[in-house]
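All remarks here apply to the structure that follows.
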Amino acid sequence: MNHSNSFLGKRDKQKLKVRERLMKEGLALFSSSGFEKTTVAHIVEKSEIARGTFYNYFPDTQKLFDALIEELNQNIKAAIQQTRRDSKNVYDYLYGTFKNYFELIGTPQMIQFHILNQAHIRQSSYQSNVIKTIVKNLNRDLKSDFKIKAFTEKYEFLLLSFMLVGSPPELFLATHTTNINFSNNQLATFLAKLFHKVLME
């Protein structure tokens, strides 16, 4: 009995390692070549994994791309939740959330990934269950926990939640596709000041 459990454990670990390898090489290729120019053949060649094995994990490159976005969004969600626990006021919550986001996507590889795959990232993110949860949680926090006087209608809080989620990626792309360099701190401070002013006045 124990022997079969340890065997299953090993097999599951092996499956996880293969999936992680496919995602790692997929991310590298999407970041260097872009989604349109990346094929299953490229990914399996780079991963040194059989083509048939790829299809055990993902039906196509779109689903692999979606899995990468979902993993990124899970990390963003965890960072937001931690910031929410640590924050003593609205400004700290906003600043901490934006700063964590910019740090998560601020590596050279992730910058390239975002620049080359803008439309695909938007499409994948807004269909993501994690993003829907982030928007729902923000909506709840804004309505209940923070005493905001500027907005009263339910739909306003929902739209505001979408703005809070959608603004950082757009600002990130705008600044990284120009020759102007801003630090993560500068971007997070600007957005925190902007939304704090909107929310608290």
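Here's how to read the names in the structure tokens: chain A, B, ... by the order shown, residue numbers from 1 in each chain, ligand numbers from 1 in the order shown.
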With a cut-off of 12 Å, could you pull out the residues of stretch 18-103 of chain A touching stretch 112-115 of chain A and give me the nearest pair of atoms for each, distance in Å to one decimal, using only C-alpha atoms, ordered by chain and ascending number, as CSV?
```
residue,atom,partner,partner_atom,distance
A:Gly26,CA,A:Phe113,CA,10.6
A:Leu27,CA,A:Phe113,CA,7.5
A:Ala28,CA,A:Phe113,CA,8.2
A:Leu29,CA,A:Phe113,CA,8.9
A:Phe30,CA,A:Phe113,CA,6.2
A:Ser31,CA,A:Phe113,CA,4.0
A:Ser32,CA,A:Gln112,CA,7.1
A:Ser33,CA,A:Phe113,CA,9.0
A:Gly34,CA,A:Phe113,CA,7.3
A:Phe35,CA,A:Phe113,CA,9.1
A:Phe65,CA,A:Phe113,CA,10.8
A:Leu68,CA,A:Phe113,CA,10.8
A:Ile69,CA,A:His114,CA,10.6
A:Leu72,CA,A:His114,CA,11.8
A:Phe102,CA,A:His114,CA,11.9
```
Write out as a compact mmCIF listing (two decimals) with C-alpha atoms, in the first residue's frame the residues lying within 9 Å of stretch 175-182 of chain A, counting only C-alpha atoms and excluding same-chain residues fewer than 5 positions away.
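Result written to result20.txt:
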```txt
# COMPACT_ATOMS: atom_id res chain seq x y z
CA ILE A 111 8.57 43.00 -19.78
CA ILE A 115 5.23 44.04 -24.92
CA GLU A 170 -1.77 49.86 -19.47
CA LEU A 187 4.61 54.00 -11.16
```
Next item on the list: For atom CA of A:Thr61 and atom CA of A:Ser124, quote the distance in Å rounded to one decimal.
Entry: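 One can read the atom CA of A:Thr61 to atom CA of A:Ser124 distance as 12.4 Å.
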Quick one: residues within 12 Å of A:Lys197, only C-alpha atoms counted, chain neighbours fewer than 2 positions away excluded, as a compact mmCIF listing (two decimals) with C-alpha atoms, in the first residue's frame?
```txt
# COMPACT_ATOMS: atom_id res chain seq x y z
CA VAL A 90 -6.43 53.12 1.76
CA TYR A 91 -3.22 54.72 0.45
CA LEU A 94 -3.30 51.01 -3.14
CA ILE A 148 -15.53 56.19 0.34
CA LYS A 149 -17.84 59.16 -0.14
CA ALA A 150 -17.16 59.89 -3.82
CA PHE A 190 1.58 57.82 -9.15
CA LEU A 191 -1.32 55.34 -9.34
CA ALA A 192 -1.77 55.26 -5.56
CA LYS A 193 -1.94 59.09 -5.41
CA LEU A 194 -4.31 59.22 -8.38
CA PHE A 195 -6.78 56.64 -7.06
CA LEU A 199 -11.55 57.67 -3.75
CA MET A 200 -11.12 59.86 -0.72
CA GLU A 201 -12.26 63.31 -1.80
```
Check: Any idea what the distance is between atom CA of A:Thr189 and atom CA of A:Leu158?
Finding: 22.8 Å
Margin query: Just list as an NGL selection string whatever in stretch 3-192 of chain A DSSP marks as alpha helix (DSSP H).
Written below: :A and (3-33 or 40-47 or 51-57 or 61-86 or 90-104 or 108-116 or 118-126 or 129-140 or 154-176 or 184-192)
Next item on the list: Do a neighbour search on stretch 73-80 of chain A at 8 Å with only C-alpha atoms, toss out local chain neighbours closer than 2 positions, and write the hits as a ChimeraX atom specification.
Entry: /A:69-71,82-84,96-97,100-101,104,125,130-131,134
Checklist line | One-decimal distance in Å that lies between atom CA of A:Ala188 and atom CA of A:Asn89 | finding: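 Calculated distance between atom CA of A:Asn89 and atom CA of A:Ala188 is 15.6 Å.
Between A:Met23 and the candidates A:Leu142, A:Ile43, A:Leu171, A:Ile121, the tightest atom-to-atom separation, counting only C-alpha atoms, involves A:Ile43.
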Notebook entry, point to check: Nearest to A:Gly106: which of A:Asn185, A:Thr152, A:Gln14, A:Thr39 is it, counting only C-alpha atoms?
Noted result: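 For A:Gly106, the nearest of the given residues is A:Asn185.
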Item checked: Non-local contacts of A:Asp60 (12 Å; only C-alpha atoms; under 2 positions in same chain excluded) as a list of chain:residue names ->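 In the requested form, the answer reads A:Leu22, A:Gly26, A:Phe35, A:Thr38, A:Thr39, A:Val40, A:Ala41, A:Ile43, A:Val44, A:Arg51, A:Gly52, A:Thr53, A:Phe54, A:Tyr55, A:Asn56, A:Tyr57, A:Phe58, A:Gln62, A:Lys63, A:Leu64, A:Phe65, A:Asp66, A:Ala67.
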Restricting it to N, CA and C atoms, dump the selection as an mmCIF file, in the first residue's frame.
```cif
data_model
loop_
_atom_site.group_PDB
_atom_site.id
_atom_site.type_symbol
_atom_site.label_atom_id
_atom_site.label_comp_id
_atom_site.auth_asym_id
_atom_site.auth_seq_id
_atom_site.Cartn_x
_atom_site.Cartn_y
_atom_site.Cartn_z
ATOM 1 N N LEU A 22 7.242 22.723 -19.611
ATOM 2 C CA LEU A 22 6.514 23.222 -20.778
ATOM 3 C C LEU A 22 6.137 24.700 -20.595
ATOM 4 N N GLY A 26 7.592 27.622 -22.753
ATOM 5 C CA GLY A 26 6.543 28.378 -23.443
ATOM 6 C C GLY A 26 6.681 29.864 -23.162
ATOM 7 N N PHE A 35 3.340 35.322 -29.317
ATOM 8 C CA PHE A 35 2.374 34.213 -29.375
ATOM 9 C C PHE A 35 2.197 33.675 -30.795
ATOM 10 N N THR A 38 4.957 31.389 -32.109
ATOM 11 C CA THR A 38 5.331 30.233 -31.284
ATOM 12 C C THR A 38 4.388 29.074 -31.566
ATOM 13 N N THR A 39 4.956 27.923 -31.910
ATOM 14 C CA THR A 39 4.145 26.743 -32.219
ATOM 15 C C THR A 39 4.408 25.640 -31.189
ATOM 16 N N VAL A 40 3.559 24.627 -31.207
ATOM 17 C CA VAL A 40 3.762 23.452 -30.353
ATOM 18 C C VAL A 40 5.115 22.821 -30.680
ATOM 19 N N ALA A 41 5.451 22.767 -31.964
ATOM 20 C CA ALA A 41 6.737 22.183 -32.390
ATOM 21 C C ALA A 41 7.919 22.911 -31.741
ATOM 22 N N ILE A 43 7.878 24.612 -28.912
ATOM 23 C CA ILE A 43 7.868 24.387 -27.459
ATOM 24 C C ILE A 43 8.420 23.010 -27.112
ATOM 25 N N VAL A 44 7.987 21.979 -27.857
ATOM 26 C CA VAL A 44 8.457 20.618 -27.531
ATOM 27 C C VAL A 44 9.940 20.457 -27.862
ATOM 28 N N ARG A 51 6.155 15.451 -28.639
ATOM 29 C CA ARG A 51 4.959 16.219 -29.039
ATOM 30 C C ARG A 51 3.691 15.643 -28.433
ATOM 31 N N GLY A 52 3.571 14.316 -28.428
ATOM 32 C CA GLY A 52 2.396 13.662 -27.840
ATOM 33 C C GLY A 52 2.245 13.978 -26.367
ATOM 34 N N THR A 53 3.378 14.100 -25.673
ATOM 35 C CA THR A 53 3.362 14.429 -24.238
ATOM 36 C C THR A 53 2.795 15.820 -24.009
ATOM 37 N N PHE A 54 3.138 16.759 -24.901
ATOM 38 C CA PHE A 54 2.596 18.124 -24.796
ATOM 39 C C PHE A 54 1.075 18.086 -24.705
ATOM 40 N N TYR A 55 0.462 17.267 -25.590
ATOM 41 C CA TYR A 55 -1.006 17.226 -25.664
ATOM 42 C C TYR A 55 -1.650 16.545 -24.454
ATOM 43 N N ASN A 56 -0.849 15.877 -23.628
ATOM 44 C CA ASN A 56 -1.374 15.353 -22.354
ATOM 45 C C ASN A 56 -1.635 16.485 -21.369
ATOM 46 N N TYR A 57 -0.984 17.626 -21.603
ATOM 47 C CA TYR A 57 -1.074 18.752 -20.673
ATOM 48 C C TYR A 57 -1.877 19.925 -21.225
ATOM 49 N N PHE A 58 -1.714 20.198 -22.520
ATOM 50 C CA PHE A 58 -2.386 21.347 -23.143
ATOM 51 C C PHE A 58 -2.859 20.954 -24.548
ATOM 52 N N GLN A 62 -2.629 28.142 -27.133
ATOM 53 C CA GLN A 62 -3.516 29.095 -26.450
ATOM 54 C C GLN A 62 -3.757 28.683 -24.998
ATOM 55 N N LYS A 63 -3.996 27.385 -24.781
ATOM 56 C CA LYS A 63 -4.254 26.908 -23.412
ATOM 57 C C LYS A 63 -3.001 26.998 -22.545
ATOM 58 N N LEU A 64 -1.835 26.802 -23.140
ATOM 59 C CA LEU A 64 -0.587 26.984 -22.402
ATOM 60 C C LEU A 64 -0.420 28.449 -22.031
ATOM 61 N N PHE A 65 -0.701 29.333 -22.976
ATOM 62 C CA PHE A 65 -0.638 30.779 -22.732
ATOM 63 C C PHE A 65 -1.596 31.161 -21.600
ATOM 64 N N ASP A 66 -2.834 30.645 -21.680
ATOM 65 C CA ASP A 66 -3.841 30.926 -20.644
ATOM 66 C C ASP A 66 -3.362 30.451 -19.267
ATOM 67 N N ALA A 67 -2.700 29.292 -19.230
ATOM 68 C CA ALA A 67 -2.189 28.741 -17.960
ATOM 69 C C ALA A 67 -1.117 29.651 -17.375
#
```
